[in-house]
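Pasting run_28.cif here (mmCIF, C-alpha atoms):
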data_run
loop_
_atom_site.label_atom_id
_atom_site.label_comp_id
_atom_site.auth_asym_id
_atom_site.auth_seq_id
_atom_site.Cartn_x
_atom_site.Cartn_y
_atom_site.Cartn_z
CA MET A 20 89.58 98.13 144.75
CA LEU A 21 92.87 97.90 143.01
CA GLY A 22 94.19 94.71 141.50
CA ALA A 23 97.03 92.81 143.08
CA CYS A 24 99.61 94.44 140.80
CA GLY A 25 99.00 97.90 142.29
CA LEU A 26 98.50 101.09 140.33
CA LEU A 27 101.73 102.00 138.67
CA SER A 28 103.71 98.81 138.60
CA CYS A 29 101.92 96.05 136.70
CA VAL A 30 104.71 93.92 135.31
CA ALA A 31 104.35 90.92 133.03
CA SER A 32 106.62 88.76 135.12
CA GLY A 33 108.10 85.46 134.05
CA PRO A 34 107.82 82.26 136.06
CA LEU A 35 111.25 82.64 137.60
CA GLY A 36 111.86 85.94 139.35
CA ALA A 37 114.83 88.27 139.01
CA GLN A 38 117.51 88.14 141.72
CA GLY A 39 116.20 91.34 143.28
CA ARG A 40 113.99 94.31 142.49
CA SER A 41 112.54 97.23 144.43
CA ALA A 42 110.60 100.24 143.17
CA LEU A 43 108.54 103.07 144.66
CA ASP A 44 105.96 104.74 142.41
CA ALA A 45 104.35 108.08 143.22
CA GLY A 46 102.07 110.18 141.03
CA PHE A 47 98.45 110.84 140.09
CA ALA A 48 95.87 108.24 139.13
CA ALA A 49 92.23 108.02 138.13
CA VAL A 50 90.50 104.70 138.86
CA ARG A 51 86.99 103.82 137.69
CA PHE A 52 84.96 100.91 139.08
CA PRO A 53 82.52 100.04 136.28
CA ASP A 54 80.31 97.77 138.40
CA ASP A 55 78.88 100.76 140.27
CA GLY A 56 80.12 103.63 138.09
CA THR A 57 82.24 105.30 140.79
CA THR A 58 85.61 106.96 140.17
CA VAL A 59 88.48 107.76 142.51
CA ALA A 60 91.07 110.27 141.30
CA GLY A 61 93.99 111.76 143.17
CA PRO A 62 97.51 111.16 144.44
CA SER A 63 98.69 107.56 144.16
CA LEU A 64 101.45 105.54 145.74
CA GLY A 65 102.74 102.06 144.95
CA TRP A 66 105.59 99.93 146.21
CA SER A 67 106.85 96.62 144.86
CA ALA A 68 109.81 94.51 145.88
CA SER A 69 110.94 90.98 145.07
CA ARG A 70 113.88 88.78 145.95
CA ASP A 71 114.96 85.44 144.50
CA TRP A 72 117.53 83.26 146.26
CA ARG A 73 117.16 80.44 143.68
CA ARG A 74 115.66 78.01 146.24
CA LEU A 75 113.55 80.62 148.07
CA PHE A 76 111.65 83.66 146.74
CA ALA A 77 109.45 86.41 148.13
CA SER A 78 107.63 89.51 146.87
CA ILE A 79 105.38 92.31 148.05
CA ASP A 80 103.14 94.65 146.05
CA ALA A 81 101.08 97.48 147.52
CA GLY A 82 99.28 100.38 145.91
CA GLY A 83 96.52 102.87 146.44
CA VAL A 84 94.90 106.11 145.36
CA ALA A 85 93.20 108.77 147.49
CA THR A 86 90.94 111.73 146.89
CA LEU A 87 88.81 114.01 149.06
CA GLY A 88 86.72 111.76 151.28
CA ALA A 89 87.66 108.49 149.56
CA ALA A 90 90.54 106.07 149.14
CA SER A 91 91.14 102.62 147.69
CA GLY A 92 94.09 100.25 147.73
CA SER A 93 95.42 96.70 147.90
CA ALA A 94 98.46 94.75 149.04
CA THR A 95 99.88 91.32 148.22
CA ILE A 96 102.58 89.37 150.07
CA ALA A 97 103.81 86.15 148.45
CA GLY A 98 106.64 83.70 148.89
CA GLY A 99 107.67 80.13 148.46
CA ALA A 100 110.39 77.60 147.76
CA ARG A 101 111.56 75.57 144.78
CA ARG A 102 114.01 72.75 144.26
CA PRO A 103 115.23 70.65 141.33
CA PHE A 104 114.05 67.05 141.24
CA ALA A 105 115.35 65.93 137.83
CA ARG A 106 117.43 67.31 135.01
CA SER A 107 115.92 70.70 133.98
CA TRP A 108 112.87 70.15 136.23
CA LEU A 109 111.84 72.18 139.29
CA ALA A 110 109.11 71.70 141.88
CA GLU A 111 107.71 74.83 143.51
CA GLY A 112 105.35 75.55 146.39
CA SER A 113 104.05 79.04 147.21
CA ALA A 114 101.59 80.98 149.36
CA GLU A 115 99.99 84.40 148.94
CA LEU A 116 98.16 86.80 151.25
CA PHE A 117 96.02 89.50 149.65
CA GLY A 118 93.99 92.37 151.07
CA ALA A 119 91.96 95.14 149.46
CA ALA A 120 89.95 97.93 151.04
CA GLY A 121 88.43 101.32 150.34
CA SER A 122 86.59 104.01 152.25
CA GLU A 123 83.56 103.52 149.99
CA ARG A 124 84.04 99.85 149.08
CA HIS A 125 83.71 96.41 150.65
CA ALA A 126 86.95 95.07 152.11
CA ALA A 127 88.29 91.68 151.05
CA SER A 128 91.16 89.39 151.98
CA SER A 129 92.31 86.02 150.77
CA VAL A 130 94.94 83.34 151.18
CA LEU A 131 96.12 81.19 148.27
CA PHE A 132 98.31 78.08 148.14
CA ALA A 133 99.79 76.74 144.91
CA GLY A 134 102.06 73.99 143.66
CA ARG A 135 103.87 74.19 140.35
CA VAL A 136 106.09 72.01 138.17
CA ILE A 137 108.57 73.88 135.92
CA ARG A 138 110.61 72.60 132.98
CA VAL A 139 113.54 74.83 132.04
CA LEU A 140 114.47 74.74 128.34
CA GLY A 141 117.45 76.92 127.50
CA ALA A 142 116.42 80.57 127.88
CA GLY A 143 112.77 79.61 128.36
CA GLY A 144 110.56 76.87 129.63
CA ALA A 145 107.06 75.79 130.55
CA TRP A 146 105.07 75.14 133.72
CA ALA A 147 101.85 73.69 135.09
CA ARG A 148 100.25 74.77 138.37
CA ALA A 149 97.33 73.95 140.66
CA SER A 150 95.99 76.26 143.38
CA VAL A 151 93.40 76.50 146.13
CA ALA A 152 92.24 79.69 147.83
CA ARG A 153 89.94 80.98 150.55
CA ALA A 154 88.60 84.53 150.42
CA ASP A 155 87.04 86.44 153.34
CA ARG A 156 84.46 88.82 151.93
CA LEU A 157 81.12 90.34 152.91
CA ALA A 158 79.38 87.02 152.17
CA GLY A 159 81.77 85.09 154.44
CA ILE A 160 84.45 82.55 153.55
CA LEU A 161 84.39 81.75 149.82
CA PRO A 162 86.47 78.90 148.31
CA ALA A 163 88.26 78.83 144.94
CA SER A 164 90.44 76.43 142.98
CA GLY A 165 92.22 76.65 139.68
CA ALA A 166 94.76 75.21 137.28
CA ASP A 167 96.99 77.00 134.80
CA ALA A 168 99.76 76.22 132.37
CA GLY A 169 102.12 78.44 130.48
CA ALA A 170 105.46 79.02 128.81
CA TRP A 171 108.07 81.77 128.66
CA TRP A 172 111.10 82.80 126.66
CA SER A 173 113.75 85.34 127.68
CA TRP A 174 116.63 87.15 126.03
CA SER A 175 118.96 89.93 127.12
CA ARG A 176 116.47 92.72 126.39
CA GLY A 177 113.09 91.12 126.82
CA ARG A 178 110.80 88.34 127.90
CA VAL A 179 107.50 86.98 126.61
CA SER A 180 105.08 84.60 128.31
CA ALA A 181 101.68 83.03 127.71
CA THR A 182 99.30 81.51 130.26
CA VAL A 183 95.99 79.64 130.09
CA THR A 184 93.94 79.42 133.30
CA ASP A 185 90.88 77.38 134.27
CA GLN A 186 89.39 78.96 137.39
CA ARG A 187 86.50 78.08 139.71
CA ALA A 188 85.47 80.56 142.39
CA THR A 189 82.47 82.15 144.12
CA ALA A 190 81.07 85.57 143.31
CA GLN A 191 79.08 87.94 145.52
CA LEU A 192 75.87 89.50 144.22
CA PHE A 193 74.86 93.03 145.26
CA ALA A 194 71.79 95.20 144.70
CA GLY A 195 71.29 98.96 144.79
CA THR A 196 72.80 101.86 142.87
CA ALA A 197 75.99 101.67 144.94
CA ARG A 198 75.92 97.86 145.28
CA GLU A 199 75.40 98.29 149.01
CA ALA A 200 73.01 95.35 149.61
CA LEU A 201 74.37 91.81 149.56
CA VAL A 202 71.94 89.47 147.75
CA GLY A 203 73.92 86.21 147.87
CA THR A 204 76.60 84.20 146.13
CA LEU A 205 76.87 82.05 143.03
CA PRO A 206 79.54 79.76 141.56
CA VAL A 207 81.80 81.13 138.83
CA HIS A 208 83.74 79.11 136.26
CA TYR A 209 85.81 80.83 133.61
CA VAL A 210 88.78 80.22 131.31
CA GLN A 211 91.23 82.95 130.35
CA GLY A 212 94.30 83.30 128.21
CA VAL A 213 96.94 85.96 128.90
CA PHE A 214 99.99 87.09 126.94
CA GLY A 215 102.74 89.05 128.68
CA ALA A 216 105.79 90.88 127.37
CA HIS A 217 108.65 92.89 128.83
CA LEU A 218 110.78 94.88 126.38
CA GLU A 219 113.60 97.25 127.22
CA GLY A 220 116.27 99.50 125.80
CA ASP A 221 118.98 101.24 127.79
CA ALA A 222 116.68 103.85 129.41
CA ILE A 223 113.16 102.71 128.52
CA ALA A 224 111.05 99.67 129.42
CA LEU A 225 107.58 98.52 128.40
CA ASP A 226 105.53 95.95 130.30
CA LEU A 227 102.38 94.64 128.63
CA THR A 228 99.73 92.14 129.70
CA ALA A 229 96.79 91.40 127.38
CA GLY A 230 94.22 88.63 127.40
CA VAL A 231 90.60 87.58 127.26
CA ARG A 232 88.34 85.81 129.75
CA ARG A 233 85.51 83.50 128.70
CA ASP A 234 82.68 83.16 131.21
CA PRO A 235 79.50 81.85 129.52
CA ASP A 236 77.32 82.77 132.53
CA ALA A 237 78.46 86.40 132.74
CA ALA A 238 76.64 89.37 131.24
CA HIS A 239 79.50 89.63 128.74
CA PRO A 240 80.72 86.08 127.91
CA TYR A 241 84.02 87.40 126.56
CA GLU A 242 85.79 90.09 128.57
CA PRO A 243 89.13 91.59 127.52
CA MET A 244 91.88 92.55 129.94
CA LEU A 245 94.82 94.87 129.38
CA ALA A 246 97.58 96.45 131.45
CA ALA A 247 100.51 98.44 130.08
CA THR A 248 103.26 100.41 131.82
CA ALA A 249 105.95 102.44 130.07
CA ALA A 250 108.95 103.69 132.07
CA PHE A 251 111.39 106.35 130.83
CA TRP A 252 114.54 106.68 132.96
CA GLN A 253 115.82 110.19 133.64
CA GLY A 254 118.75 109.00 135.74
CA PRO A 255 120.33 105.78 137.02
CA THR A 256 117.49 105.01 139.47
CA HIS A 257 114.47 107.20 138.66
CA ALA A 258 112.04 107.23 135.76
CA TRP A 259 108.77 108.70 134.51
CA THR A 260 105.98 106.12 134.30
CA LEU A 261 102.68 105.97 132.42
CA SER A 262 100.20 103.17 133.12
CA VAL A 263 96.80 102.21 131.70
CA ALA A 264 94.75 99.14 132.58
CA ARG A 265 91.39 97.45 132.23
CA GLN A 266 90.94 94.52 134.59
CA PRO A 267 87.88 92.26 135.09
CA PRO A 268 86.78 91.21 138.60
CA ASP A 269 89.19 88.98 140.49
CA TRP A 270 86.80 86.48 142.06
CA VAL A 271 89.62 84.58 143.76
CA ARG A 272 90.95 87.56 145.72
CA GLY A 273 87.78 89.63 145.90
CA ALA A 274 88.99 92.66 143.93
CA ASP A 275 86.41 94.54 141.87
CA ALA A 276 86.70 95.21 138.15
CA ALA A 277 88.69 98.41 137.60
CA GLN A 278 89.95 100.70 134.86
CA TRP A 279 92.73 103.20 135.50
CA ILE A 280 95.28 105.56 134.09
CA ALA A 281 98.24 106.85 136.08
CA LEU A 282 101.22 109.15 135.58
CA GLY A 283 104.08 109.34 138.02
CA MET A 284 107.71 108.84 138.92
CA ARG A 285 109.46 105.58 139.82
CA PHE A 286 112.32 105.61 142.30
CA PHE A 287 115.04 103.15 143.41
CA GLU A 288 114.82 100.88 140.37
CA ALA A 289 117.98 100.70 138.28
CA SER A 290 117.72 101.58 134.60
CA PRO A 291 117.68 98.60 132.20
CA ALA A 292 121.28 99.29 131.16
CA LEU A 293 122.49 99.27 134.77
CA ALA A 294 120.42 96.20 135.61
CA ARG A 295 121.88 94.27 132.66
CA ALA A 296 125.38 95.37 133.64
CA SER A 297 124.89 94.07 137.18
CA ARG A 298 123.69 90.68 135.86
CA ALA A 299 126.48 90.26 133.28
CA ARG A 300 129.33 87.91 134.15
CA PRO A 301 132.35 89.12 132.15
CA VAL A 302 134.95 86.51 131.26
CA VAL A 303 138.49 87.58 130.32
CA GLN A 304 140.89 85.64 128.06
CA LEU A 305 144.44 86.22 126.82
CA SER A 306 145.99 85.03 123.57
CA GLY A 307 149.28 85.55 121.83
CA ALA A 308 152.85 85.45 123.10
CA GLY A 309 155.64 87.89 123.85
CA ALA A 310 155.07 91.47 124.94
CA ARG A 311 151.96 92.03 122.76
CA ARG A 312 148.88 90.14 123.94
CA LEU A 313 145.27 90.16 122.78
CA LEU A 314 142.95 90.69 125.74
CA ARG A 315 139.41 89.54 125.06
CA VAL A 316 136.32 90.03 127.30
CA THR A 317 133.09 88.13 126.70
CA ALA A 318 129.95 89.67 128.27
CA THR A 319 126.60 88.50 126.92
CA GLY A 320 124.26 91.37 126.08
CA ALA A 321 126.85 94.10 126.72
CA ARG A 322 127.18 97.13 124.46
CA ARG A 323 130.30 98.63 126.01
CA VAL A 324 133.18 97.07 127.95
CA GLU A 325 135.96 98.94 129.75
CA ILE A 326 138.91 97.71 131.75
CA MET A 327 141.02 99.43 134.39
CA ALA A 328 144.26 97.88 135.62
CA ASP A 329 147.78 98.47 136.83
CA PHE A 330 148.93 98.15 133.20
CA THR A 331 146.58 101.05 132.22
CA ASP A 332 147.79 103.18 135.18
CA TRP A 333 144.26 102.67 136.56
CA SER A 334 142.75 104.77 133.77
CA PRO A 335 139.60 103.37 132.04
CA LEU A 336 140.34 101.80 128.66
CA GLU A 337 137.50 100.88 126.32
CA LEU A 338 137.70 97.67 124.31
CA GLY A 339 136.62 97.38 120.70
CA ARG A 340 134.06 94.85 119.55
CA SER A 341 134.96 92.00 117.22
CA GLY A 342 131.83 90.00 116.48
CA GLY A 343 130.73 88.77 119.91
CA PRO A 344 133.67 89.45 122.30
CA PHE A 345 135.28 92.80 123.11
CA GLU A 346 139.04 92.93 122.64
CA ARG A 347 142.18 95.05 122.47
CA GLU A 348 145.86 94.38 121.85
CA LEU A 349 148.02 95.48 124.78
CA GLU A 350 151.59 95.34 125.98
CA LEU A 351 151.56 93.04 129.01
CA SER A 352 154.54 91.82 130.99
CA ALA A 353 154.55 88.31 132.40
CA GLY A 354 153.30 87.99 135.97
CA THR A 355 150.19 88.80 137.99
CA HIS A 356 148.29 92.00 137.27
CA ARG A 357 145.35 93.61 139.06
CA MET A 358 142.37 94.40 136.85
CA LEU A 359 138.70 95.47 136.98
CA VAL A 360 135.96 95.36 134.31
CA ARG A 361 132.99 97.68 133.76
CA ILE A 362 129.95 96.75 131.63
CA ASP A 363 127.77 99.47 130.05
CA GLY A 364 128.78 102.10 132.60
CA GLY A 365 127.94 99.93 135.62
CA ALA A 366 130.11 99.19 138.63
CA TRP A 367 133.76 98.25 138.38
CA ARG A 368 134.28 94.60 139.40
CA PRO A 369 136.56 91.62 138.88
CA ALA A 370 135.98 89.35 135.88
CA ALA A 371 134.00 86.20 136.68
CA ASN A 372 136.93 83.87 135.89
CA THR A 373 139.70 85.70 137.76
CA PRO A 374 140.53 85.30 141.46
CA ALA A 375 139.43 88.31 143.54
CA VAL A 376 141.38 89.84 146.42
CA ASP A 377 140.99 92.88 148.64
CA ASP A 378 142.63 96.05 147.36
CA ASP A 379 144.19 98.85 149.40
CA LEU A 380 140.95 100.89 149.35
CA GLY A 381 138.61 98.32 150.85
CA GLY A 382 137.24 97.01 147.55
CA ARG A 383 137.81 93.87 145.48
CA VAL A 384 140.10 93.54 142.47
CA GLY A 385 140.69 90.66 140.05
CA LEU A 386 144.04 88.98 139.48
CA LEU A 387 145.03 88.46 135.82
CA VAL A 388 147.89 85.98 135.40
CA VAL A 389 150.04 86.54 132.28
CA PRO A 390 152.28 83.51 131.50
#
What do you get writing this file as structure tokens?
Amino acid sequence: MLGACGLLSCVASGPLGAQGRSALDAGFAAVRFPDDGTTVAGPSLGWSASRDWRRLFASIDAGGVATLGAASGSATIAGGARRPFARSWLAEGSAELFGAAGSERHAASSVLFAGRVIRVLGAGGAWARASVARADRLAGILPASGADAGAWWSWSRGRVSATVTDQRATAQLFAGTAREALVGTLPVHYVQGVFGAHLEGDAIALDLTAGVRRDPDAAHPYEPMLAATAAFWQGPTHAWTLSVARQPPDWVRGADAAQWIALGMRFFEASPALARASRARPVVQLSGAGARRLLRVTATGARRVEIMADFTDWSPLELGRSGGPFERELELSAGTHRMLVRIDGGAWRPAANTPAVDDDLGGRVGLLVVP
């Protein structure tokens, strides 16, 4: 059965989600289940979506692969709420529903509840979390509990995170060449450390998760885990993707150990350059006096800034870069002017610090006041 991250979209996510994301992955995948030596290879499909409203958040991940006479897949739905309770501190509660099934595999489902405390420190932070879970598997209802702590750091083109988890769960034991006979259950206690990274350019992104699990009672006391996805955008909202992964069993959710490789296309997800442009909040400033004014736009992480206004005859005008801000000297008459800003080829929009009004074409335009 596939892990909760799906086949083609295993992202090393940070503790605080993006404002919104949606992606559909389609391609070809080969998945091997090492516990019984079976392999499923064929067309694959995955869908992931997330939304963050600051106080509330939700996400869904689903993926699967099919071949002649066999199929395997999983789905996860999660959501929760957070609120500040002190300066730079957040309290968060969440719930997760997980299901996995296959035509030649045992089905599993689980529900997980977690509480987390988060400390935000500049562009990063740290957290501590406790969780309880109940899994419905062939052996019946199996309990689990765990605790984890971690930290993250973000910048305009990347994010790194590290997590340490102490997990207690219950494992099923099977006999037979195809693990078809249930023998019983036994308690499992393991500790694992995981490092995650997300790196991006303008039209390429790499997501990496790597770690190791220590379970002294397992056949292999130390078991590595790895998942990597590279995406290469061919247009504003579609990209080629290549994914490889090696995941140990997920005793909490009931997903088997799996190894896979997948090649496909991703649709509906904006390229990194467009995503950064949509998140940027450009701020415009004027300096100087008389007819010649210096117009300066500050946009963190931007590579290119353009303006379009009544004083440019609504033709795009690119600003030059001077250290951090983008600027250009212009002839501006005193009064109120209408102006829009575009970051890295994204959408035209008003600057964050200018009043916005409706224009004659049904859009919004910013008002620049020149004293």
Result set, the PyMOL selection byres ((chain A and resi 328) around 8) on current file, as number ranges by chain: A: 326-327, 329-334, 356-359
Export, as a short mmCIF file (atom, residue, chain, number, x, y, z; two decimals), in the coordinates of the input, the selected residues with C-alpha atoms.
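Contents of out27.cif, as written:
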data_model
loop_
_atom_site.label_atom_id
_atom_site.label_comp_id
_atom_site.auth_asym_id
_atom_site.auth_seq_id
_atom_site.Cartn_x
_atom_site.Cartn_y
_atom_site.Cartn_z
CA ILE A 326 138.91 97.71 131.75
CA MET A 327 141.02 99.43 134.39
CA ASP A 329 147.78 98.47 136.83
CA PHE A 330 148.93 98.15 133.20
CA THR A 331 146.58 101.05 132.22
CA ASP A 332 147.79 103.18 135.18
CA TRP A 333 144.26 102.67 136.56
CA SER A 334 142.75 104.77 133.77
CA HIS A 356 148.29 92.00 137.27
CA ARG A 357 145.35 93.61 139.06
CA MET A 358 142.37 94.40 136.85
CA LEU A 359 138.70 95.47 136.98
#
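Using only C-alpha atoms, the smallest distance between any of A:Gly203, A:Gly121, A:Pro301, A:Gly134 and A:Gly159 comes from A:Gly203.
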Residue contacts of A:Gln278 (8 Å, all atoms listed in the file) excluding same-chain residues fewer than 5 positions away, as a PyMOL selection string: chain A and resi 50-53+263-266
Near A:Ile160, counting all atoms listed in the file, which residues have an atom at most 10 Å away, once you skip same-chain residues fewer than 4 positions from it, shown as a PDB file with C-alpha atoms, in the frame of the given file?
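Dumped everything to out.pdb:
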ATOM      1  CA  SER A 128      91.160  89.390 151.980  1.00  0.00           C
ATOM      2  CA  SER A 129      92.310  86.020 150.770  1.00  0.00           C
ATOM      3  CA  ARG A 153      89.940  80.980 150.550  1.00  0.00           C
ATOM      4  CA  ALA A 154      88.600  84.530 150.420  1.00  0.00           C
ATOM      5  CA  ASP A 155      87.040  86.440 153.340  1.00  0.00           C
ATOM      6  CA  ARG A 156      84.460  88.820 151.930  1.00  0.00           C
ATOM      7  CA  THR A 189      82.470  82.150 144.120  1.00  0.00           C
TER       8      THR A 189
END
Distance in Å - atom CA of A:His208 versus atom CA of A:Asp54: 19.1 Å
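Computed from the coordinates, the atom CA of A:Gly212 to atom CA of A:Val84 distance equals 28.5 Å.
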Contacts of A:Leu338 at 8 Å (all atoms listed in the file; same-chain gap of 6+ positions) as an MDAnalysis selection string: chainID A and resid 323:326 345:347
Explicit residue set for the PyMOL selection byres ((chain A and resi 163-172) around 9), as an MDAnalysis selection string: chainID A and resid 33:34 131 140:154 161:162 173:174 177:189 270:271
Using C-alpha atoms, can you export the residues from the last selection as a short mmCIF file (atom, residue, chain, number, x, y, z; two decimals), keeping the file's coordinate frame?
data_model
loop_
_atom_site.label_atom_id
_atom_site.label_comp_id
_atom_site.auth_asym_id
_atom_site.auth_seq_id
_atom_site.Cartn_x
_atom_site.Cartn_y
_atom_site.Cartn_z
CA GLY A 33 108.10 85.46 134.05
CA PRO A 34 107.82 82.26 136.06
CA LEU A 131 96.12 81.19 148.27
CA LEU A 140 114.47 74.74 128.34
CA GLY A 141 117.45 76.92 127.50
CA ALA A 142 116.42 80.57 127.88
CA GLY A 143 112.77 79.61 128.36
CA GLY A 144 110.56 76.87 129.63
CA ALA A 145 107.06 75.79 130.55
CA TRP A 146 105.07 75.14 133.72
CA ALA A 147 101.85 73.69 135.09
CA ARG A 148 100.25 74.77 138.37
CA ALA A 149 97.33 73.95 140.66
CA SER A 150 95.99 76.26 143.38
CA VAL A 151 93.40 76.50 146.13
CA ALA A 152 92.24 79.69 147.83
CA ARG A 153 89.94 80.98 150.55
CA ALA A 154 88.60 84.53 150.42
CA LEU A 161 84.39 81.75 149.82
CA PRO A 162 86.47 78.90 148.31
CA SER A 173 113.75 85.34 127.68
CA TRP A 174 116.63 87.15 126.03
CA GLY A 177 113.09 91.12 126.82
CA ARG A 178 110.80 88.34 127.90
CA VAL A 179 107.50 86.98 126.61
CA SER A 180 105.08 84.60 128.31
CA ALA A 181 101.68 83.03 127.71
CA THR A 182 99.30 81.51 130.26
CA VAL A 183 95.99 79.64 130.09
CA THR A 184 93.94 79.42 133.30
CA ASP A 185 90.88 77.38 134.27
CA GLN A 186 89.39 78.96 137.39
CA ARG A 187 86.50 78.08 139.71
CA ALA A 188 85.47 80.56 142.39
CA THR A 189 82.47 82.15 144.12
CA TRP A 270 86.80 86.48 142.06
CA VAL A 271 89.62 84.58 143.76
#
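Coordinates place atom CA of A:Pro344 at a distance of 5.7 Å from atom CA of A:Val316.
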Residues within 9 Å of A:Pro267, all atoms listed in the file, excluding chain neighbours under 3 positions, as a PyMOL selection string: chain A and resi 232+242-244+274-278
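Using the PyMOL selection byres ((chain A and resi 374) around 6) on the file at hand returns these residues: Thr373, Ala375, Gly385 and Leu386 of chain A.
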Selection near A:Ala289, 7 Å with all atoms listed in the file, sequence-local residues under 3 positions removed, as a PyMOL selection string: chain A and resi 255-256+293-294
Residues from last step as file, C-alpha atoms, as a PDB file, in the frame of the given file:
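Output (again.pdb):
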ATOM      1  CA  PRO A 255     120.330 105.780 137.020  1.00  0.00           C
ATOM      2  CA  THR A 256     117.490 105.010 139.470  1.00  0.00           C
ATOM      3  CA  LEU A 293     122.490  99.270 134.770  1.00  0.00           C
ATOM      4  CA  ALA A 294     120.420  96.200 135.610  1.00  0.00           C
TER       5      ALA A 294
END
Residue nearest A:Arg106 among A:Arg138, A:Ala94, A:Ser78, A:Leu43 (counting all atoms listed in the file): A:Arg138
Distance criterion (only C-alpha atoms): nearest to A:Gly365 out of A:Pro235, A:Gly343, A:Gly118, A:Pro291: A:Pro291
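The nearest approach to A:Val303 among the residues A:Gln253, A:Asn372, A:Ser262, A:Thr319, with all atoms listed in the file taken into account, belongs to A:Asn372.
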Around all the atoms of stretch 356-375 of chain A listed in the file, with 6 Å of room on each side, what axis-aligned box do you get, giving centre and edge lengths in Å to one decimal, as lines of an AutoDock Vina configuration file?
center_x = 138.0
center_y = 93.0
center_z = 136.8
size_x = 32.5
size_y = 30.2
size_z = 25.5
Best match for closeness to A:Arg295 among A:Pro206, A:Gly339, A:Gly99, A:Gly364, counting all atoms listed in the file: A:Gly364
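Closest approach to A:Ser91 among A:Ala292, A:Ala114, A:Ala48, A:Ala68: A:Ala48, based on only C-alpha atoms.
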Just write stretch 330-344 of chain A with C-alpha atoms, as a PDB file, in the first residue's frame, taken from the block above.
ATOM      1  CA  PHE A 330       1.998  58.133 -16.501  1.00  0.00           C
ATOM      2  CA  THR A 331       3.451  55.268 -18.648  1.00  0.00           C
ATOM      3  CA  ASP A 332       0.421  55.354 -21.008  1.00  0.00           C
ATOM      4  CA  TRP A 333      -0.401  51.915 -19.530  1.00  0.00           C
ATOM      5  CA  SER A 334       2.663  50.370 -21.151  1.00  0.00           C
ATOM      6  CA  PRO A 335       4.816  48.046 -18.952  1.00  0.00           C
ATOM      7  CA  LEU A 336       7.973  49.725 -17.672  1.00  0.00           C
ATOM      8  CA  GLU A 337      10.704  47.668 -16.019  1.00  0.00           C
ATOM      9  CA  LEU A 338      12.527  49.067 -13.003  1.00  0.00           C
ATOM     10  CA  GLY A 339      16.253  48.703 -12.448  1.00  0.00           C
ATOM     11  CA  ARG A 340      17.698  47.155  -9.319  1.00  0.00           C
ATOM     12  CA  SER A 341      19.744  49.166  -6.850  1.00  0.00           C
ATOM     13  CA  GLY A 342      20.899  46.867  -4.071  1.00  0.00           C
ATOM     14  CA  GLY A 343      17.635  45.605  -2.561  1.00  0.00           C
ATOM     15  CA  PRO A 344      14.836  47.820  -4.005  1.00  0.00           C
TER      16      PRO A 344
END
